[in-house]
>>> print(open('data.pdb').read())   # PDB, C-alpha atoms
ATOM      1  CA  MET B   1      15.376 -21.895 -27.404
ATOM      2  CA  ALA B   2      13.627 -20.848 -30.621
ATOM      3  CA  ALA B   3      10.002 -19.806 -30.982
ATOM      4  CA  GLY B   4       7.677 -22.706 -31.588
ATOM      5  CA  ALA B   5       5.332 -25.211 -29.982
ATOM      6  CA  PRO B   6       4.737 -25.283 -26.219
ATOM      7  CA  VAL B   7       7.279 -27.122 -24.081
ATOM      8  CA  ALA B   8       6.398 -28.731 -20.734
ATOM      9  CA  LEU B   9       8.370 -27.358 -17.779
ATOM     10  CA  GLY B  10       6.796 -29.565 -15.143
ATOM     11  CA  ASP B  11       4.439 -28.665 -12.280
ATOM     12  CA  GLY B  12       1.579 -28.184 -14.767
ATOM     13  CA  ILE B  13       3.399 -25.412 -16.684
ATOM     14  CA  ARG B  14       3.813 -25.251 -20.472
ATOM     15  CA  LYS B  15       5.956 -22.624 -22.191
ATOM     16  CA  ARG B  16       5.808 -21.127 -25.683
ATOM     17  CA  ILE B  17       8.426 -18.587 -26.745
ATOM     18  CA  THR B  18       7.000 -15.687 -28.752
ATOM     19  CA  ALA B  19      10.204 -13.630 -29.066
ATOM     20  CA  PRO B  20      13.422 -15.626 -28.614
ATOM     21  CA  SER B  21      16.679 -14.259 -27.199
ATOM     22  CA  LYS B  22      20.282 -15.188 -27.977
ATOM     23  CA  ALA B  23      21.407 -14.362 -24.439
ATOM     24  CA  ALA B  24      22.847 -17.140 -22.303
ATOM     25  CA  LEU B  25      20.556 -18.723 -19.714
ATOM     26  CA  SER B  26      21.390 -17.468 -16.213
ATOM     27  CA  ASP B  27      22.022 -19.974 -13.434
ATOM     28  CA  PHE B  28      19.622 -17.936 -11.226
ATOM     29  CA  ARG B  29      21.362 -18.659  -7.941
ATOM     30  CA  ASP B  30      19.446 -17.862  -4.755
ATOM     31  CA  GLY B  31      19.414 -14.129  -4.202
ATOM     32  CA  THR B  32      19.348 -13.289  -7.915
ATOM     33  CA  LYS B  33      17.035 -10.352  -8.653
ATOM     34  CA  ALA B  34      14.912 -10.830 -11.787
ATOM     35  CA  THR B  35      13.248  -7.683 -13.197
ATOM     36  CA  PHE B  36      10.441  -8.176 -15.707
ATOM     37  CA  HIS B  37       7.031  -7.151 -16.993
ATOM     38  CA  TYR B  38       4.166  -9.622 -17.210
ATOM     39  CA  GLN B  39       0.521  -9.972 -18.125
ATOM     40  CA  THR B  40      -1.856 -12.438 -16.504
ATOM     41  CA  LEU B  41      -4.737 -13.692 -18.674
ATOM     42  CA  LEU B  42      -7.566 -16.105 -18.044
ATOM     43  CA  CYS B  43      -7.795 -19.210 -20.211
ATOM     44  CA  ASP B  44     -11.167 -18.194 -21.616
ATOM     45  CA  ASP B  45     -12.275 -17.477 -25.175
ATOM     46  CA  LYS B  46     -11.582 -13.752 -24.787
ATOM     47  CA  ARG B  47      -8.212 -14.233 -23.052
ATOM     48  CA  THR B  48      -9.415 -11.817 -20.398
ATOM     49  CA  MET B  49      -6.533  -9.855 -18.893
ATOM     50  CA  ILE B  50      -6.628  -9.622 -15.098
ATOM     51  CA  ASP B  51      -3.255  -7.975 -14.490
ATOM     52  CA  ASP B  52      -0.660  -6.012 -16.487
ATOM     53  CA  SER B  53       2.521  -4.844 -14.785
ATOM     54  CA  SER B  54       3.230  -2.297 -17.536
ATOM     55  CA  ASN B  55       0.429  -0.172 -16.043
ATOM     56  CA  ARG B  56       2.539   0.352 -12.938
ATOM     57  CA  GLU B  57       5.405   2.757 -12.377
ATOM     58  CA  LYS B  58       8.143   0.142 -12.657
ATOM     59  CA  PRO B  59       8.669  -3.539 -13.597
ATOM     60  CA  MET B  60       8.076  -6.367 -11.158
ATOM     61  CA  GLU B  61      11.056  -7.659  -9.188
ATOM     62  CA  LEU B  62      11.446 -11.224  -7.939
ATOM     63  CA  ILE B  63      14.231 -12.347  -5.592
ATOM     64  CA  ILE B  64      14.961 -15.971  -6.443
ATOM     65  CA  GLY B  65      14.951 -18.393  -3.537
ATOM     66  CA  LYS B  66      14.775 -15.865  -0.729
ATOM     67  CA  LYS B  67      12.035 -13.388  -0.082
ATOM     68  CA  PHE B  68       9.294 -15.022  -2.115
ATOM     69  CA  LYS B  69       7.873 -18.490  -1.849
ATOM     70  CA  LEU B  70       6.474 -18.785  -5.366
ATOM     71  CA  PRO B  71       7.575 -22.031  -7.007
ATOM     72  CA  VAL B  72       5.407 -21.409 -10.097
ATOM     73  CA  TRP B  73       6.836 -17.945 -10.720
ATOM     74  CA  GLU B  74      10.376 -19.128 -10.011
ATOM     75  CA  THR B  75       9.982 -22.018 -12.449
ATOM     76  CA  ILE B  76       8.819 -19.565 -15.120
ATOM     77  CA  ILE B  77      11.632 -17.053 -14.554
ATOM     78  CA  ARG B  78      14.368 -19.704 -14.330
ATOM     79  CA  SER B  79      13.402 -20.930 -17.813
ATOM     80  CA  MET B  80      13.862 -17.525 -19.449
ATOM     81  CA  ARG B  81      16.764 -15.643 -21.019
ATOM     82  CA  GLU B  82      17.341 -11.905 -20.796
ATOM     83  CA  GLY B  83      15.216 -10.137 -23.417
ATOM     84  CA  GLU B  84      13.059 -13.184 -24.132
ATOM     85  CA  VAL B  85       9.262 -12.962 -24.382
ATOM     86  CA  ALA B  86       7.215 -16.074 -23.709
ATOM     87  CA  GLU B  87       3.733 -17.324 -22.878
ATOM     88  CA  PHE B  88       3.095 -19.793 -20.071
ATOM     89  CA  LEU B  89       0.006 -21.946 -19.648
ATOM     90  CA  CYS B  90      -0.339 -22.920 -16.004
ATOM     91  CA  ASP B  91      -2.671 -25.614 -14.750
ATOM     92  CA  THR B  92      -2.019 -24.450 -11.167
ATOM     93  CA  PRO B  93      -2.992 -20.999  -9.850
ATOM     94  CA  VAL B  94      -0.344 -18.345 -10.398
ATOM     95  CA  GLN B  95      -0.346 -15.579  -7.854
ATOM     96  CA  GLU B  96       1.216 -12.172  -8.245
ATOM     97  CA  PRO B  97       4.864 -11.909  -7.191
ATOM     98  CA  GLY B  98       4.981 -10.794  -3.597
ATOM     99  CA  SER B  99       1.774 -12.585  -2.613
ATOM    100  CA  TYR B 100       3.757 -14.962  -0.409
ATOM    101  CA  ARG B 101       6.530 -13.409   1.602
ATOM    102  CA  GLN B 102       8.457 -14.325   4.694
ATOM    103  CA  ASP B 103       7.356 -12.625   7.894
ATOM    104  CA  ALA B 104       9.406  -9.536   8.707
ATOM    105  CA  TRP B 105      11.099 -11.219  11.662
ATOM    106  CA  ALA B 106      12.438 -13.969   9.371
ATOM    107  CA  MET B 107      13.948 -11.584   6.798
ATOM    108  CA  SER B 108      17.463 -10.229   6.727
ATOM    109  CA  ASP B 109      17.868  -6.456   6.910
ATOM    110  CA  GLU B 110      18.546  -6.360   3.170
ATOM    111  CA  GLU B 111      15.406  -8.366   2.428
ATOM    112  CA  LYS B 112      13.296  -6.009   4.552
ATOM    113  CA  LEU B 113      14.551  -2.995   2.626
ATOM    114  CA  GLU B 114      13.870  -4.747  -0.683
ATOM    115  CA  ALA B 115      10.374  -5.774   0.442
ATOM    116  CA  VAL B 116       9.235  -2.255   1.393
ATOM    117  CA  PRO B 117       8.843  -0.701  -2.101
ATOM    118  CA  LEU B 118       7.074  -3.822  -3.360
ATOM    119  CA  LEU B 119       4.649  -3.766  -0.439
ATOM    120  CA  HIS B 120       4.100  -0.045  -0.996
ATOM    121  CA  GLN B 121       3.357  -0.687  -4.670
ATOM    122  CA  GLU B 122       0.995  -3.548  -3.874
ATOM    123  CA  GLY B 123      -0.790  -1.393  -1.292
ATOM    124  CA  ASN B 124      -1.243   1.433  -3.784
ATOM    125  CA  GLN B 125      -2.675  -0.929  -6.384
ATOM    126  CA  LEU B 126      -5.131  -2.413  -3.884
ATOM    127  CA  PHE B 127      -6.142   1.093  -2.803
ATOM    128  CA  LYS B 128      -6.861   2.024  -6.420
ATOM    129  CA  GLU B 129      -9.077  -1.065  -6.573
ATOM    130  CA  GLU B 130     -10.894   0.230  -3.437
ATOM    131  CA  LYS B 131      -9.677  -2.755  -1.394
ATOM    132  CA  THR B 132      -8.807  -0.622   1.606
ATOM    133  CA  VAL B 133      -8.547  -3.445   4.154
ATOM    134  CA  GLU B 134      -6.064  -5.342   1.995
ATOM    135  CA  ALA B 135      -4.185  -2.137   1.145
ATOM    136  CA  ALA B 136      -3.869  -1.232   4.824
ATOM    137  CA  ALA B 137      -2.400  -4.667   5.529
ATOM    138  CA  LYS B 138       0.295  -4.113   2.873
ATOM    139  CA  TYR B 139       1.186  -0.677   4.255
ATOM    140  CA  TYR B 140       1.283  -2.095   7.789
ATOM    141  CA  GLU B 141       3.622  -4.887   6.704
ATOM    142  CA  ALA B 142       5.971  -2.386   5.062
ATOM    143  CA  ILE B 143       5.925  -0.231   8.194
ATOM    144  CA  ALA B 144       6.760  -3.286  10.314
ATOM    145  CA  CYS B 145       9.830  -3.991   8.163
ATOM    146  CA  LEU B 146      11.086  -0.427   8.564
ATOM    147  CA  LYS B 147      10.257  -0.248  12.278
ATOM    148  CA  SER B 148      12.284  -3.391  12.953
ATOM    149  CA  LEU B 149      15.270  -1.764  11.243
ATOM    150  CA  GLN B 150      14.718   1.540  13.035
ATOM    151  CA  MET B 151      14.844  -0.181  16.423
ATOM    152  CA  LYS B 152      18.512  -0.967  15.752
ATOM    153  CA  GLU B 153      19.385   2.716  15.317
ATOM    154  CA  GLN B 154      19.914   5.465  17.858
ATOM    155  CA  PRO B 155      16.762   7.649  17.960
ATOM    156  CA  GLY B 156      17.451  10.944  16.237
ATOM    157  CA  SER B 157      20.515   9.649  14.403
ATOM    158  CA  PRO B 158      20.778  10.219  10.615
ATOM    159  CA  ASP B 159      19.980   6.550   9.876
ATOM    160  CA  TRP B 160      17.024   6.594  12.284
ATOM    161  CA  ILE B 161      15.660   9.755  10.652
ATOM    162  CA  ALA B 162      16.144   8.329   7.146
ATOM    163  CA  LEU B 163      14.058   5.292   8.091
ATOM    164  CA  ASP B 164      11.446   7.496   9.758
ATOM    165  CA  LEU B 165      11.079   9.503   6.558
ATOM    166  CA  LYS B 166      10.326   6.234   4.756
ATOM    167  CA  ILE B 167       7.792   5.216   7.414
ATOM    168  CA  THR B 168       5.851   8.498   7.376
ATOM    169  CA  PRO B 169       4.268   8.283   3.871
ATOM    170  CA  LEU B 170       3.370   4.642   4.466
ATOM    171  CA  LEU B 171       1.731   5.563   7.775
ATOM    172  CA  LEU B 172      -0.216   8.355   6.067
ATOM    173  CA  ASN B 173      -1.450   5.884   3.448
ATOM    174  CA  TYR B 174      -2.423   3.507   6.252
ATOM    175  CA  CYS B 175      -4.346   6.340   7.931
ATOM    176  CA  GLN B 176      -6.199   7.092   4.703
ATOM    177  CA  CYS B 177      -7.384   3.483   4.620
ATOM    178  CA  LYS B 178      -8.463   3.722   8.252
ATOM    179  CA  LEU B 179     -10.385   6.925   7.535
ATOM    180  CA  LEU B 180     -12.351   5.137   4.839
ATOM    181  CA  GLU B 181     -12.945   2.193   7.176
ATOM    182  CA  GLY B 182     -14.267   4.522   9.890
ATOM    183  CA  GLU B 183     -11.499   3.704  12.375
ATOM    184  CA  TYR B 184     -11.057   7.341  13.364
ATOM    185  CA  TYR B 185      -9.260   6.890  16.672
ATOM    186  CA  GLN B 186      -6.455   4.998  14.947
ATOM    187  CA  VAL B 187      -6.124   7.923  12.554
ATOM    188  CA  LEU B 188      -5.963  10.366  15.473
ATOM    189  CA  GLU B 189      -3.274   8.299  17.182
ATOM    190  CA  HIS B 190      -1.032   7.786  14.148
ATOM    191  CA  CYS B 191      -1.380  11.295  12.705
ATOM    192  CA  SER B 192      -0.594  12.750  16.133
ATOM    193  CA  SER B 193       2.548  10.615  16.314
ATOM    194  CA  ILE B 194       3.629  12.046  12.956
ATOM    195  CA  LEU B 195       2.823  15.624  13.964
ATOM    196  CA  ASN B 196       4.744  15.274  17.215
ATOM    197  CA  LYS B 197       7.854  14.901  15.040
ATOM    198  CA  TYR B 198       6.869  16.853  11.913
ATOM    199  CA  SER B 199       4.480  19.569  13.026
ATOM    200  CA  ASP B 200       4.135  21.011   9.519
ATOM    201  CA  ASN B 201       3.067  17.776   7.818
ATOM    202  CA  VAL B 202       0.019  19.006   5.922
ATOM    203  CA  LYS B 203      -1.316  15.548   5.061
ATOM    204  CA  ALA B 204      -1.231  14.476   8.702
ATOM    205  CA  LEU B 205      -3.002  17.688   9.743
ATOM    206  CA  PHE B 206      -5.697  17.231   7.122
ATOM    207  CA  LYS B 207      -6.326  13.572   7.926
ATOM    208  CA  ARG B 208      -6.348  14.244  11.674
ATOM    209  CA  GLY B 209      -8.755  17.130  11.084
ATOM    210  CA  ARG B 210     -11.119  14.806   9.231
ATOM    211  CA  ALA B 211     -10.881  12.225  12.021
ATOM    212  CA  HIS B 212     -11.580  14.880  14.685
ATOM    213  CA  ALA B 213     -14.595  16.046  12.685
ATOM    214  CA  ALA B 214     -15.888  12.476  12.417
ATOM    215  CA  VAL B 215     -15.864  12.027  16.222
ATOM    216  CA  TRP B 216     -17.385  15.477  16.930
ATOM    217  CA  ASN B 217     -14.166  17.156  18.097
ATOM    218  CA  GLU B 218     -15.194  20.461  16.534
ATOM    219  CA  GLU B 219     -12.503  22.748  17.920
ATOM    220  CA  GLU B 220      -9.667  20.307  17.286
ATOM    221  CA  ALA B 221     -10.866  19.718  13.717
ATOM    222  CA  LYS B 222     -11.035  23.439  12.992
ATOM    223  CA  LYS B 223      -7.585  23.961  14.476
ATOM    224  CA  ASP B 224      -6.039  21.241  12.282
ATOM    225  CA  PHE B 225      -7.836  22.448   9.147
ATOM    226  CA  SER B 226      -6.787  26.038   9.832
ATOM    227  CA  ARG B 227      -3.140  25.047  10.247
ATOM    228  CA  ALA B 228      -3.237  22.879   7.108
ATOM    229  CA  VAL B 229      -4.589  25.662   4.915
ATOM    230  CA  GLU B 230      -2.091  28.101   6.432
ATOM    231  CA  LEU B 231       0.733  25.796   5.324
ATOM    232  CA  ASP B 232      -0.831  24.970   1.956
ATOM    233  CA  PRO B 233      -3.249  27.630   0.643
ATOM    234  CA  SER B 234      -4.116  25.391  -2.321
ATOM    235  CA  LEU B 235      -6.258  23.402   0.135
ATOM    236  CA  THR B 236      -8.550  26.376   0.799
ATOM    237  CA  HIS B 237     -11.454  25.090  -1.312
ATOM    238  CA  LEU B 238     -11.152  21.500  -0.079
ATOM    239  CA  ILE B 239     -11.000  22.517   3.574
ATOM    240  CA  ALA B 240     -13.933  24.905   3.108
ATOM    241  CA  LYS B 241     -15.962  21.883   1.973
ATOM    242  CA  GLU B 242     -14.819  19.882   5.016
ATOM    243  CA  LEU B 243     -15.789  22.734   7.359
ATOM    244  CA  LYS B 244     -19.181  23.110   5.683
ATOM    245  CA  ARG B 245     -19.773  19.364   6.027
ATOM    246  CA  LEU B 246     -18.785  19.517   9.693
ATOM    247  CA  GLU B 247     -21.155  22.444  10.334
ATOM    248  CA  GLU B 248     -24.040  20.629   8.652
ATOM    249  CA  ARG B 249     -23.398  17.499  10.726
ATOM    250  CA  LEU B 250     -23.235  19.558  13.936
ATOM    251  CA  GLN B 251     -26.532  21.272  13.120
ATOM    252  CA  GLN B 252     -28.149  17.930  12.363
ATOM    253  CA  LYS B 253     -26.847  16.477  15.622
ATOM    254  CA  GLU B 254     -28.091  19.493  17.562
ATOM    255  CA  GLY B 255     -31.539  19.091  16.041
ATOM    256  CA  GLU B 256     -31.603  15.382  16.879
ATOM    257  CA  ASP B 257     -30.474  16.076  20.458
ATOM    258  CA  LYS B 258     -33.205  18.690  20.949
ATOM    259  CA  ALA B 259     -35.849  16.316  19.622
ATOM    260  CA  ARG B 260     -34.609  13.554  21.921
ATOM    261  CA  PHE B 261     -34.640  15.789  25.001
ATOM    262  CA  ARG B 262     -38.144  17.049  24.177
ATOM    263  CA  GLY B 263     -39.261  13.458  24.152
ATOM    264  CA  ILE B 264     -37.704  12.826  27.567
ATOM    265  CA  PHE B 265     -39.426  15.760  29.295
ATOM    266  CA  LYS B 266     -42.881  15.341  27.779
TER     267      LYS B 266
END
>>> encode(input="data.pdb", output="structure tokens")
Amino acid sequence: MAAGAPVALGDGIRKRITAPSKAALSDFRDGTKATFHYQTLLCDDKRTMIDDSSNREKPMELIIGKKFKLPVWETIIRSMREGEVAEFLCDTPVQEPGSYRQDAWAMSDEEKLEAVPLLHQEGNQLFKEEKTVEAAAKYYEAIACLKSLQMKEQPGSPDWIALDLKITPLLLNYCQCKLLEGEYYQVLEHCSSILNKYSDNVKALFKRGRAHAAVWNEEEAKKDFSRAVELDPSLTHLIAKELKRLEERLQQKEGEDKARFRGIFK
């Protein structure tokens, strides 16, 4: 298809090719993986850009007919040839690939593995946007996919360990979200589960130390911070700030407690 005027594709979608391709049109059978970059713009006078995949580490991937339930995106991709660049005007809302996804229990093992890096990427983007609740949900969904696969393996086996090493960074990201949300006991639980297996995980020690400090577990916090800086001396300045903050909070709490008790015994 040559560059030119917009062509209606149906479902409220119109297409205009800006850079044609001579490649043959794929039949895009179910299961086909399409890899592409995209920009999403509002239909306003300024053509305000609300998303640009080129700002991410890698292109977007869309599995046709399987993992995603995105008829608008699938209609767009099915109309394109390899190397083609086109604009699409959509009268219906277009959501980012990956916004609708089968539940983990309904996916095949292959689909779960393919979903994990996309969920991780989506979680990271939401975290950058300070949407910690939404980011945590993405990390949790990715963890659920990996956990369901891990349950099929013998604990401690090479495949089990390989999956666990994929789960750990996602769980640490999840804990970071929970720290920011003030859900400290979840952080304590999950970081402890990591440290029970990987006792020298500095990130888990640091996050657990912060959670202990937040719930007034002074000795436990200092122990975790001390171990973290022992393993990674580059954290010395950061941990010194955490310890100073903890000491200030403890002094403030002590002053408040004394004032409260004075009021009781007057």
>>> atom_distance(input="data.pdb", atom1="CA of Ser234 (chain B)", atom2="CA of Glu218 (chain B)")
22.4 Å
>>> resolve_selection(input="data.pdb", expression="the PyMOL selection byres ((chain B and resi 114-128) around 8)", output="PDB file with C-alpha atoms, in the frame of the given file")
ATOM      1  CA  LYS B  67      12.035 -13.388  -0.082  1.00  0.00           C
ATOM      2  CA  GLY B  98       4.981 -10.794  -3.597  1.00  0.00           C
ATOM      3  CA  GLU B 110      18.546  -6.360   3.170  1.00  0.00           C
ATOM      4  CA  GLU B 111      15.406  -8.366   2.428  1.00  0.00           C
ATOM      5  CA  LYS B 112      13.296  -6.009   4.552  1.00  0.00           C
ATOM      6  CA  LEU B 113      14.551  -2.995   2.626  1.00  0.00           C
ATOM      7  CA  GLU B 129      -9.077  -1.065  -6.573  1.00  0.00           C
ATOM      8  CA  GLU B 130     -10.894   0.230  -3.437  1.00  0.00           C
ATOM      9  CA  LYS B 131      -9.677  -2.755  -1.394  1.00  0.00           C
ATOM     10  CA  THR B 132      -8.807  -0.622   1.606  1.00  0.00           C
ATOM     11  CA  GLU B 134      -6.064  -5.342   1.995  1.00  0.00           C
ATOM     12  CA  ALA B 135      -4.185  -2.137   1.145  1.00  0.00           C
ATOM     13  CA  ALA B 136      -3.869  -1.232   4.824  1.00  0.00           C
ATOM     14  CA  ALA B 137      -2.400  -4.667   5.529  1.00  0.00           C
ATOM     15  CA  LYS B 138       0.295  -4.113   2.873  1.00  0.00           C
ATOM     16  CA  TYR B 139       1.186  -0.677   4.255  1.00  0.00           C
ATOM     17  CA  GLU B 141       3.622  -4.887   6.704  1.00  0.00           C
ATOM     18  CA  ALA B 142       5.971  -2.386   5.062  1.00  0.00           C
ATOM     19  CA  ILE B 143       5.925  -0.231   8.194  1.00  0.00           C
ATOM     20  CA  CYS B 145       9.830  -3.991   8.163  1.00  0.00           C
ATOM     21  CA  LEU B 146      11.086  -0.427   8.564  1.00  0.00           C
ATOM     22  CA  LEU B 170       3.370   4.642   4.466  1.00  0.00           C
ATOM     23  CA  CYS B 177      -7.384   3.483   4.620  1.00  0.00           C
TER      24      CYS B 177
END
>>> atom_distance(input="data.pdb", atom1="CA of Arg227 (chain B)", atom2="CA of Leu243 (chain B)")
13.2 Å
>>> resolve_selection(input="data.pdb", expression="the PyMOL selection byres ((chain B and resi 85) around 6)", output="list in words")
Thr18, Ala19, Glu84 and Ala86 of chain B
>>> atom_distance(input="data.pdb", atom1="CA of Lys46 (chain B)", atom2="CA of Glu87 (chain B)")
15.8 Å
>>> residues_around(input="data.pdb", residues="Ile77 (chain B)", least_positions_apart="2", cutoff="10 Å", atoms="only C-alpha atoms", output="ChimeraX atom specification")
/B:26,28,34-36,62,64,71-75,79-82
>>> resolve_selection(input="data.pdb", expression="the PyMOL selection byres ((chain B and resi 229) around 12)", output="PyMOL selection string")
chain B and resi 200-203+205-206+209+222-228+230-240+242-243
>>> residues_around(input="data.pdb", residues="Trp160 (chain B)", least_positions_apart="4", cutoff="10 Å", atoms="all atoms listed in the file", output="list in words")
Leu146, Lys147, Leu149, Gln150, Met151, Lys152, Glu153, Gln154, Pro155, Gly156, Asp164 and Leu165 of chain B
>>> closest_residue(input="data.pdb", among="B:Glu247, B:Glu189, B:Asp27, B:Glu61", to="Trp216 (chain B)", atoms="all atoms listed in the file")
B:Glu247
>>> closest_residue(input="data.pdb", among="B:Val133, B:Cys43, B:His37, B:Pro158", to="Asn55 (chain B)", atoms="only C-alpha atoms")
B:His37
>>> decode(input="data.pdb", residues="region 73-87 of chain B", atoms="N, CA and C atoms", output="PDB file, in the first residue's frame")
ATOM      1  N   TRP B  73      -5.556  -2.848  18.772  1.00  0.00           N
ATOM      2  CA  TRP B  73      -4.134  -3.002  18.460  1.00  0.00           C
ATOM      3  C   TRP B  73      -3.911  -4.112  17.439  1.00  0.00           C
ATOM      4  N   GLU B  74      -4.641  -5.205  17.558  1.00  0.00           N
ATOM      5  CA  GLU B  74      -4.450  -6.301  16.603  1.00  0.00           C
ATOM      6  C   GLU B  74      -4.887  -5.887  15.197  1.00  0.00           C
ATOM      7  N   THR B  75      -5.960  -5.119  15.108  1.00  0.00           N
ATOM      8  CA  THR B  75      -6.397  -4.626  13.799  1.00  0.00           C
ATOM      9  C   THR B  75      -5.317  -3.760  13.162  1.00  0.00           C
ATOM     10  N   ILE B  76      -4.711  -2.894  13.974  1.00  0.00           N
ATOM     11  CA  ILE B  76      -3.643  -2.015  13.490  1.00  0.00           C
ATOM     12  C   ILE B  76      -2.450  -2.827  12.994  1.00  0.00           C
ATOM     13  N   ILE B  77      -1.968  -3.746  13.820  1.00  0.00           N
ATOM     14  CA  ILE B  77      -0.768  -4.520  13.475  1.00  0.00           C
ATOM     15  C   ILE B  77      -1.011  -5.417  12.269  1.00  0.00           C
ATOM     16  N   ARG B  78      -2.183  -6.040  12.192  1.00  0.00           N
ATOM     17  CA  ARG B  78      -2.481  -6.935  11.068  1.00  0.00           C
ATOM     18  C   ARG B  78      -2.484  -6.202   9.726  1.00  0.00           C
ATOM     19  N   SER B  79      -2.684  -4.884   9.755  1.00  0.00           N
ATOM     20  CA  SER B  79      -2.745  -4.121   8.503  1.00  0.00           C
ATOM     21  C   SER B  79      -1.365  -3.695   8.014  1.00  0.00           C
ATOM     22  N   MET B  80      -0.322  -3.955   8.800  1.00  0.00           N
ATOM     23  CA  MET B  80       0.991  -3.395   8.494  1.00  0.00           C
ATOM     24  C   MET B  80       1.958  -4.426   7.908  1.00  0.00           C
ATOM     25  N   ARG B  81       2.934  -3.909   7.163  1.00  0.00           N
ATOM     26  CA  ARG B  81       4.004  -4.716   6.596  1.00  0.00           C
ATOM     27  C   ARG B  81       5.298  -4.426   7.364  1.00  0.00           C
ATOM     28  N   GLU B  82       6.205  -5.373   7.353  1.00  0.00           N
ATOM     29  CA  GLU B  82       7.479  -5.184   8.033  1.00  0.00           C
ATOM     30  C   GLU B  82       8.199  -3.948   7.480  1.00  0.00           C
ATOM     31  N   GLY B  83       8.623  -3.062   8.380  1.00  0.00           N
ATOM     32  CA  GLY B  83       9.330  -1.856   7.981  1.00  0.00           C
ATOM     33  C   GLY B  83       8.435  -0.674   7.658  1.00  0.00           C
ATOM     34  N   GLU B  84       7.146  -0.876   7.636  1.00  0.00           N
ATOM     35  CA  GLU B  84       6.200   0.196   7.313  1.00  0.00           C
ATOM     36  C   GLU B  84       6.012   1.135   8.507  1.00  0.00           C
ATOM     37  N   VAL B  85       5.779   2.404   8.212  1.00  0.00           N
ATOM     38  CA  VAL B  85       5.427   3.394   9.239  1.00  0.00           C
ATOM     39  C   VAL B  85       4.074   3.977   8.863  1.00  0.00           C
ATOM     40  N   ALA B  86       3.172   4.047   9.818  1.00  0.00           N
ATOM     41  CA  ALA B  86       1.824   4.525   9.505  1.00  0.00           C
ATOM     42  C   ALA B  86       1.230   5.253  10.704  1.00  0.00           C
ATOM     43  N   GLU B  87       0.242   6.102  10.400  1.00  0.00           N
ATOM     44  CA  GLU B  87      -0.541   6.773  11.435  1.00  0.00           C
ATOM     45  C   GLU B  87      -1.935   6.174  11.447  1.00  0.00           C
TER      46      GLU B  87
END
